[in-house]
Every structure is written in C-alpha cells, then in structure tokens.
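A.B. asks: Below is the file model-v1.csv, with CSV, C-alpha atoms.
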chain,number,residue,atom,x,y,z
A,1,MET,CA,-5.2,13.2,-15.9
A,2,PRO,CA,-6.8,11.4,-18.8
A,3,GLU,CA,-10.6,10.9,-18.5
A,4,ASN,CA,-10.5,7.3,-19.8
A,5,LEU,CA,-7.9,5.4,-17.8
A,6,SER,CA,-6.9,1.9,-18.7
A,7,HIS,CA,-8.5,-0.7,-16.4
A,8,TYR,CA,-5.9,-2.9,-15.0
A,9,TYR,CA,-6.6,-6.2,-13.3
A,10,PHE,CA,-2.9,-7.3,-13.5
A,11,VAL,CA,0.0,-5.2,-14.5
A,12,SER,CA,3.7,-6.1,-14.7
A,13,GLY,CA,6.2,-3.4,-13.5
A,14,PHE,CA,8.7,-4.8,-16.0
A,15,THR,CA,6.7,-3.2,-18.8
A,16,HIS,CA,7.0,0.2,-17.1
A,17,PRO,CA,3.3,1.1,-17.4
A,18,VAL,CA,2.0,4.6,-16.9
A,19,LEU,CA,-0.2,4.7,-13.8
A,20,PRO,CA,-2.2,7.3,-11.9
A,21,VAL,CA,-0.5,8.6,-8.7
A,22,ILE,CA,-1.6,11.3,-6.3
A,23,LYS,CA,0.9,14.0,-5.6
A,24,HIS,CA,0.6,17.1,-3.3
A,25,SER,CA,-0.3,19.1,-6.5
A,26,GLY,CA,-3.0,16.6,-7.5
A,27,PRO,CA,-3.3,13.4,-9.6
A,28,GLU,CA,-0.8,12.7,-12.4
A,29,MET,CA,0.2,9.9,-14.7
A,30,LEU,CA,3.7,8.6,-14.1
A,31,TYR,CA,5.8,5.7,-15.4
A,32,TRP,CA,6.6,2.9,-13.0
A,33,GLY,CA,10.3,2.5,-12.6
A,34,LEU,CA,12.0,5.7,-11.2
A,35,ILE,CA,14.6,7.5,-13.3
A,36,PRO,CA,16.6,9.9,-11.0
A,37,HIS,CA,17.0,13.4,-12.3
A,38,TRP,CA,20.8,12.9,-12.5
A,39,ALA,CA,20.8,10.0,-15.0
A,40,LYS,CA,23.3,11.1,-17.6
A,41,ASP,CA,21.8,9.6,-20.8
A,42,THR,CA,19.1,7.2,-22.1
A,43,ALA,CA,21.3,4.1,-21.6
A,44,ALA,CA,21.9,5.0,-18.0
A,45,ALA,CA,18.2,5.8,-17.5
A,46,GLU,CA,17.0,2.5,-18.9
A,47,LYS,CA,19.5,0.6,-16.8
A,48,ILE,CA,18.6,2.3,-13.6
A,49,ARG,CA,14.8,2.0,-14.0
A,50,LYS,CA,15.0,-1.8,-14.2
A,51,GLY,CA,16.2,-1.8,-10.6
A,52,THR,CA,13.9,1.0,-9.2
A,53,LEU,CA,10.4,-0.5,-9.5
A,54,ASN,CA,10.7,-0.8,-5.7
A,55,ALA,CA,12.6,1.2,-3.1
A,56,VAL,CA,13.6,-0.5,0.2
A,57,GLY,CA,12.1,1.5,3.0
A,58,GLU,CA,15.0,0.8,5.4
A,59,THR,CA,17.6,2.4,3.1
A,60,VAL,CA,15.5,4.8,1.0
A,61,SER,CA,17.1,7.9,2.6
A,62,HIS,CA,20.6,6.7,1.7
A,63,LYS,CA,20.4,5.3,-1.8
A,64,PRO,CA,21.4,7.8,-4.5
A,65,SER,CA,18.3,7.1,-6.7
A,66,PHE,CA,15.9,7.9,-3.8
A,67,ARG,CA,17.5,10.1,-1.1
A,68,LYS,CA,16.4,13.4,-2.7
A,69,SER,CA,12.9,12.2,-3.5
A,70,ILE,CA,12.2,10.9,0.0
A,71,ARG,CA,12.7,14.4,1.3
A,72,SER,CA,10.1,16.2,-0.9
A,73,LYS,CA,8.9,14.1,-3.8
A,74,ARG,CA,6.4,11.6,-2.4
A,75,CYS,CA,3.2,10.3,-3.8
A,76,VAL,CA,0.6,7.6,-3.4
A,77,LEU,CA,-0.5,4.9,-5.8
A,78,PRO,CA,-4.2,3.9,-5.1
A,79,VAL,CA,-4.8,0.2,-5.9
A,80,SER,CA,-7.7,-2.2,-5.2
A,81,GLY,CA,-5.1,-4.9,-4.5
A,82,PHE,CA,-1.8,-6.4,-5.5
A,83,PHE,CA,-0.2,-9.8,-6.2
A,84,GLU,CA,2.6,-11.7,-4.6
A,85,TRP,CA,4.0,-15.2,-5.0
A,86,LYS,CA,4.3,-18.1,-2.5
A,87,ALA,CA,7.0,-20.7,-3.1
A,88,VAL,CA,6.1,-24.3,-2.3
A,89,ASN,CA,8.7,-26.9,-3.2
A,90,ASP,CA,9.7,-26.0,-6.8
A,91,ALA,CA,6.4,-24.2,-7.7
A,92,LYS,CA,5.2,-20.6,-7.3
A,93,TYR,CA,1.6,-19.8,-6.5
A,94,PRO,CA,0.3,-16.3,-7.0
A,95,TYR,CA,-1.9,-14.6,-4.4
A,96,TYR,CA,-4.2,-11.6,-4.7
A,97,ILE,CA,-3.9,-9.4,-1.6
A,98,TYR,CA,-6.7,-6.8,-1.0
A,99,PRO,CA,-8.1,-4.6,1.8
A,100,ALA,CA,-10.1,-6.2,4.6
A,101,GLY,CA,-12.2,-3.1,5.1
A,102,ASP,CA,-11.3,-0.1,2.8
A,103,SER,CA,-11.9,-0.3,-0.9
A,104,MET,CA,-8.4,0.6,-1.8
A,105,PHE,CA,-4.8,0.3,-0.6
A,106,SER,CA,-2.7,3.5,-0.8
A,107,LEU,CA,0.8,2.5,-1.6
A,108,GLY,CA,3.6,4.9,-0.5
A,109,CYS,CA,5.8,6.0,-3.5
A,110,LEU,CA,8.5,8.3,-4.5
A,111,TYR,CA,8.8,10.2,-7.8
A,112,ASP,CA,11.3,12.1,-9.9
A,113,THR,CA,11.5,13.9,-13.2
A,114,TRP,CA,14.2,13.2,-15.8
A,115,THR,CA,15.0,15.2,-18.9
A,116,ASP,CA,16.6,13.5,-21.9
A,117,GLN,CA,19.3,16.0,-22.9
A,118,GLN,CA,19.4,14.7,-26.5
A,119,THR,CA,15.7,15.0,-27.3
A,120,GLY,CA,14.4,17.4,-24.6
A,121,GLU,CA,11.7,14.8,-23.6
A,122,ILE,CA,10.6,15.1,-19.9
A,123,ILE,CA,9.9,11.7,-18.3
A,124,LYS,CA,8.1,11.5,-15.0
A,125,THR,CA,8.5,8.2,-13.0
A,126,PHE,CA,7.9,6.7,-9.6
A,127,SER,CA,8.9,3.8,-7.4
A,128,ILE,CA,6.9,1.9,-4.8
A,129,ILE,CA,8.4,1.7,-1.3
A,130,THR,CA,8.6,-1.7,0.4
A,131,THR,CA,8.9,-2.8,4.0
A,132,PRO,CA,9.5,-6.0,5.9
A,133,ALA,CA,6.5,-8.4,5.6
A,134,ASN,CA,3.9,-8.6,8.3
A,135,PRO,CA,3.0,-12.2,9.4
A,136,LEU,CA,0.4,-12.6,6.6
A,137,MET,CA,2.7,-11.4,3.9
A,138,ALA,CA,5.7,-13.4,5.3
A,139,GLU,CA,3.6,-16.5,4.9
A,140,ILE,CA,2.8,-15.6,1.3
A,141,HIS,CA,6.0,-13.9,0.1
A,142,ASN,CA,7.9,-16.6,2.0
A,143,ARG,CA,11.3,-16.2,0.3
A,144,LYS,CA,12.0,-12.4,0.2
A,145,LYS,CA,9.4,-11.6,2.9
A,146,ARG,CA,8.7,-8.1,1.7
A,147,MET,CA,5.5,-6.1,1.1
A,148,PRO,CA,4.5,-2.7,-0.3
A,149,PHE,CA,4.4,0.2,2.1
A,150,ILE,CA,0.7,0.8,2.6
A,151,LEU,CA,-0.4,4.1,4.1
A,152,LYS,CA,-3.4,4.5,6.4
A,153,THR,CA,-6.0,7.0,5.3
A,154,GLU,CA,-5.1,9.5,8.0
A,155,GLN,CA,-1.4,9.4,6.9
A,156,ILE,CA,-1.8,10.3,3.2
A,157,ALA,CA,-2.0,14.1,3.5
A,158,ARG,CA,1.2,14.2,5.6
A,159,TRP,CA,3.0,11.8,3.3
A,160,ILE,CA,2.4,13.7,0.1
A,161,ASP,CA,3.1,17.1,1.7
A,162,PRO,CA,6.7,18.1,0.6
A,163,ALA,CA,7.0,20.2,3.8
A,164,SER,CA,6.6,17.3,6.2
A,165,PRO,CA,9.6,16.8,8.4
A,166,ASN,CA,11.9,14.0,7.2
A,167,ASP,CA,12.1,12.2,10.5
A,168,GLN,CA,8.2,12.0,10.6
A,169,ILE,CA,8.2,10.7,7.1
A,170,LEU,CA,10.7,7.9,7.8
A,171,SER,CA,8.9,6.9,11.0
A,172,MET,CA,5.8,6.2,8.9
A,173,ILE,CA,7.4,3.5,6.8
A,174,GLU,CA,6.2,0.4,8.6
A,175,PRO,CA,4.3,-2.8,7.6
A,176,LEU,CA,0.5,-2.5,7.6
A,177,ASP,CA,-1.2,-4.6,10.3
A,178,GLU,CA,-2.2,-7.9,8.8
A,179,LYS,CA,-5.7,-7.6,10.2
A,180,GLU,CA,-6.3,-4.9,7.5
A,181,MET,CA,-5.5,-7.3,4.7
A,182,CYS,CA,-7.1,-10.4,3.0
A,183,ALA,CA,-5.6,-12.8,0.5
A,184,HIS,CA,-6.4,-15.8,-1.6
A,185,PRO,CA,-4.5,-17.8,-4.2
A,186,VAL,CA,-5.3,-17.2,-7.9
A,187,SER,CA,-4.5,-18.9,-11.2
A,188,ARG,CA,-1.0,-19.9,-12.0
A,189,ASP,CA,-1.5,-18.5,-15.5
A,190,LEU,CA,-0.3,-15.2,-13.9
A,191,ASN,CA,3.2,-16.8,-13.8
A,192,TYR,CA,3.5,-16.6,-17.6
A,193,ALA,CA,4.1,-13.5,-19.6
A,194,ASN,CA,2.8,-15.1,-22.8
A,195,LYS,CA,-0.7,-15.5,-21.2
A,196,GLU,CA,-3.4,-12.9,-21.2
A,197,ARG,CA,-3.2,-11.8,-17.6
A,198,ASN,CA,-5.0,-8.4,-17.6
A,199,THR,CA,-8.5,-9.9,-17.2
A,200,PRO,CA,-11.1,-10.2,-14.4
A,201,ALA,CA,-10.1,-13.8,-14.1
A,202,ALA,CA,-6.8,-12.7,-12.6
A,203,LEU,CA,-8.6,-11.9,-9.3
A,204,LYS,CA,-10.6,-15.1,-9.1
A,205,GLU,CA,-9.8,-17.5,-6.2
A,206,HIS,CA,-8.3,-20.8,-7.1
A,207,HIS,CA,-7.9,-23.8,-4.7
A,208,TYR,CA,-4.8,-26.1,-4.9
A,209,PRO,CA,-4.9,-29.3,-2.9
A,210,GLU,CA,-1.1,-29.1,-2.4
A,211,LEU,CA,-1.3,-25.6,-1.1
A,212,PRO,CA,-1.6,-25.2,2.7
A,213,PHE,CA,-4.2,-22.8,4.0
A,214,LEU,CA,-2.9,-19.5,5.3
A,215,SER,CA,-2.6,-19.4,9.0
A,216,THR,CA,-3.4,-15.7,9.0
A,217,GLY,CA,-5.8,-13.6,7.0
A,218,ASN,CA,-9.1,-14.8,5.5
A,219,PRO,CA,-9.6,-18.5,5.3
Let me see the structure of the file written as structure tokens.
C.D. replies:
Amino acid sequence: MPENLSHYYFVSGFTHPVLPVIKHSGPEMLYWGLIPHWAKDTAAAEKIRKGTLNAVGETVSHKPSFRKSIRSKRCVLPVSGFFEWKAVNDAKYPYYIYPAGDSMFSLGCLYDTWTDQQTGEIIKTFSIITTPANPLMAEIHNRKKRMPFILKTEQIARWIDPASPNDQILSMIEPLDEKEMCAHPVSRDLNYANKERNTPAALKEHHYPELPFLSTGNP
C-alpha cells in the first residue's frame, strides 16, 4: 500500500481509478471495474470492465463475471461517503450520502486478478456490490432505486474471510438501515466531467428552491 494515497473528494468509476480496498490478506490497491480472470484478451477485458463497476447483489452468485469471486474473493472499500443523483423533471441533482454515526462506510466488494497473456501484466480489479434502495436512497436515487451494499462493522471480518460459508455471505447482502445514513444536495457542477470535481467543494451542501426536502434522513 503506498504511503501517500491520493485524496479523493469525488471520483468517477468510468476513469477506472485505483483505490485502496481491504482484503483478508490486508490492504491493497485495486482498479475499479472488475476484469474476470477468464477474459481472453485486452479488448474483451476493456469491454467487460465498463459493465462491472457494480455487481447486482441479487444475481451476484449467478453472473459469470462474479460467481467465483463471491465465493472467496471479497473485500471492502472504506469511504467517507458517496454520491447519487435525484431526478426532478428534466434535471438531475447530486446528493452526498454519508454515515450518521460512524466516520466511514464499508462498501462490500468483489475482486479478481487478470493476466494479460500478451504482455504478462497482472491487473487486479474490483466491483462494488449494490442492493435495492432503502427508503432514504429510494427518494434520492428515484429512478433506478439502488444503493451500495454497506457492511456493518461487526460483519467485515466475516465478509472478507474466504472461508466464510456462501449462504452466510449471501444473506448479508441487504440494504443498510436508513437511520445510519445522512444526505444533502451538492453542486450540480458534479454533473459535468469537464468541471474540476475532485475538490472539497464537492461535499458542500447546496440548497435548491425547486428541490423538495427529503422526507427521510437529515433535514
């Protein structure tokens, strides 16, 4: 693990950033966007990783890209919060979602290792599991109504242990209680890739007269 990690306020998965995850063997830097070990070449690997930033929790044990990893290659991505977008009429408003009590969210993830047969390069990657939205997240992410799978502190050791029984692991994949989350709207500058988004301003609360207050979460 590098001593001087990049400080992210906002990061786009579509850039496939390298981020610090916690595995059973310890912390490690992995690229976001899972490449399964069986990808046949670079073209296939690049195509697959565009669709594996997230893994749907309800089908994770059946999908070819994830079904081996869910059995023994699980990790956690610690984050201070994450962003999601609320659709109102024809506009999208970003929200910052963060812990109500703990200092961090522990996102449940899967990982895999792929070797480029042409160059010999070994690439380690991960995917964030998602669940159906809890009431707070359903109000924010009001079109797809999904949210990251967030582990409770007491679940982390069992989740990353490759020996944990598969039925126990799958039973853990549930939405976090909304009472453990807070959220507020932030600048719509986050909607635009040409803006400088990785700044402390990304977390600052913004008020929009046209945006209704959340009926759940913090006011």
A.B. asks: Go through A:Ile35, A:Met104, A:Cys182, A:Leu136 and flag the residue nearest A:Lys152, using only C-alpha atoms for the distances.
C.D. replies: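 Of all the options, A:Met104 lies closest to A:Lys152.
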A.B. asks: Using all atoms listed in the file - which residues lie no farther than 12 Å from the point (-3.3, 9.7, 4.9) in the file's frame? Write them as a PyMOL selection string.
C.D. replies: chain A and resi 22+24+75-76+78+105-108+150-161+169+172
A.B. asks: Considering all atoms listed in the file, return as number ranges by chain whatever protein or nucleic-acid residues lie within 12 Å of A:Glu46, sequence-local ones (same chain, fewer than 5 positions apart) excluded.
C.D. replies: A: 14-16, 32-36, 39-41, 51-53, 114, 116, 123, 125
A.B. asks: For stretch 201-211 of chain A, work out the shell of residues within 10 Å, counting only C-alpha atoms and skipping chain neighbours fewer than 3 positions away, then give it as a list in words.
C.D. replies: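 Here the answer would be Tyr9, Phe10, Gly81, Phe82, Phe83, Lys86, Ala87, Val88, Tyr93, Pro94, Tyr95, Tyr96, Ile97, Tyr98, Ala183, His184, Pro185, Val186, Ser187, Arg188, Asp189, Leu190, Glu196, Arg197, Asn198 and Leu214 of chain A.
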A.B. asks: In terms of the shortest atom-to-atom distance over only C-alpha atoms, which of A:Asp112, A:Pro64, A:Leu77, A:Lys179 is closest to A:Pro27?
C.D. replies: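 Ranked by minimum distance to A:Pro27, first place goes to A:Leu77.
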A.B. asks: Have a look at A:Asp167, A:Glu178, A:Pro200, A:Tyr111 and name the one nearest to A:Tyr8; count only C-alpha atoms.
C.D. replies: A:Pro200
A.B. asks: Please rebuild stretch 109-124 of chain A with N, CA and C atoms and give the result as a PDB file, in the coordinates of the input.
C.D. replies:
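Listing of selection.pdb after writing:
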ATOM      1  N   CYS A 109       4.828   5.954  -2.331  1.00  0.00           N
ATOM      2  CA  CYS A 109       5.800   6.000  -3.500  1.00  0.00           C
ATOM      3  C   CYS A 109       6.620   7.226  -3.453  1.00  0.00           C
ATOM      4  N   LEU A 110       7.665   7.180  -4.278  1.00  0.00           N
ATOM      5  CA  LEU A 110       8.500   8.300  -4.500  1.00  0.00           C
ATOM      6  C   LEU A 110       8.485   8.613  -6.027  1.00  0.00           C
ATOM      7  N   TYR A 111       8.739   9.864  -6.398  1.00  0.00           N
ATOM      8  CA  TYR A 111       8.800  10.200  -7.800  1.00  0.00           C
ATOM      9  C   TYR A 111       9.941  11.101  -8.141  1.00  0.00           C
ATOM     10  N   ASP A 112      10.255  11.193  -9.427  1.00  0.00           N
ATOM     11  CA  ASP A 112      11.300  12.100  -9.900  1.00  0.00           C
ATOM     12  C   ASP A 112      11.011  12.439 -11.353  1.00  0.00           C
ATOM     13  N   THR A 113      11.683  13.459 -11.840  1.00  0.00           N
ATOM     14  CA  THR A 113      11.500  13.900 -13.200  1.00  0.00           C
ATOM     15  C   THR A 113      12.895  13.932 -13.886  1.00  0.00           C
ATOM     16  N   TRP A 114      12.980  13.297 -15.047  1.00  0.00           N
ATOM     17  CA  TRP A 114      14.200  13.200 -15.800  1.00  0.00           C
ATOM     18  C   TRP A 114      14.055  13.835 -17.164  1.00  0.00           C
ATOM     19  N   THR A 115      15.020  14.604 -17.609  1.00  0.00           N
ATOM     20  CA  THR A 115      15.000  15.200 -18.900  1.00  0.00           C
ATOM     21  C   THR A 115      16.058  14.588 -19.821  1.00  0.00           C
ATOM     22  N   ASP A 116      15.615  14.051 -20.953  1.00  0.00           N
ATOM     23  CA  ASP A 116      16.600  13.500 -21.900  1.00  0.00           C
ATOM     24  C   ASP A 116      17.249  14.669 -22.624  1.00  0.00           C
ATOM     25  N   GLN A 117      18.535  14.824 -22.377  1.00  0.00           N
ATOM     26  CA  GLN A 117      19.300  16.000 -22.900  1.00  0.00           C
ATOM     27  C   GLN A 117      19.406  15.940 -24.431  1.00  0.00           C
ATOM     28  N   GLN A 118      19.252  14.767 -25.032  1.00  0.00           N
ATOM     29  CA  GLN A 118      19.400  14.700 -26.500  1.00  0.00           C
ATOM     30  C   GLN A 118      18.078  15.075 -27.184  1.00  0.00           C
ATOM     31  N   THR A 119      16.936  14.706 -26.597  1.00  0.00           N
ATOM     32  CA  THR A 119      15.700  15.000 -27.300  1.00  0.00           C
ATOM     33  C   THR A 119      14.839  16.072 -26.578  1.00  0.00           C
ATOM     34  N   GLY A 120      15.169  16.380 -25.329  1.00  0.00           N
ATOM     35  CA  GLY A 120      14.400  17.400 -24.600  1.00  0.00           C
ATOM     36  C   GLY A 120      13.137  16.755 -23.943  1.00  0.00           C
ATOM     37  N   GLU A 121      12.926  15.448 -24.148  1.00  0.00           N
ATOM     38  CA  GLU A 121      11.700  14.800 -23.600  1.00  0.00           C
ATOM     39  C   GLU A 121      11.825  14.764 -22.059  1.00  0.00           C
ATOM     40  N   ILE A 122      10.715  15.094 -21.403  1.00  0.00           N
ATOM     41  CA  ILE A 122      10.600  15.100 -19.900  1.00  0.00           C
ATOM     42  C   ILE A 122       9.862  13.801 -19.545  1.00  0.00           C
ATOM     43  N   ILE A 123      10.478  12.959 -18.735  1.00  0.00           N
ATOM     44  CA  ILE A 123       9.900  11.700 -18.300  1.00  0.00           C
ATOM     45  C   ILE A 123       9.672  11.700 -16.815  1.00  0.00           C
ATOM     46  N   LYS A 124       8.437  11.487 -16.380  1.00  0.00           N
ATOM     47  CA  LYS A 124       8.100  11.500 -15.000  1.00  0.00           C
ATOM     48  C   LYS A 124       7.865  10.034 -14.515  1.00  0.00           C
TER      49      LYS A 124
END
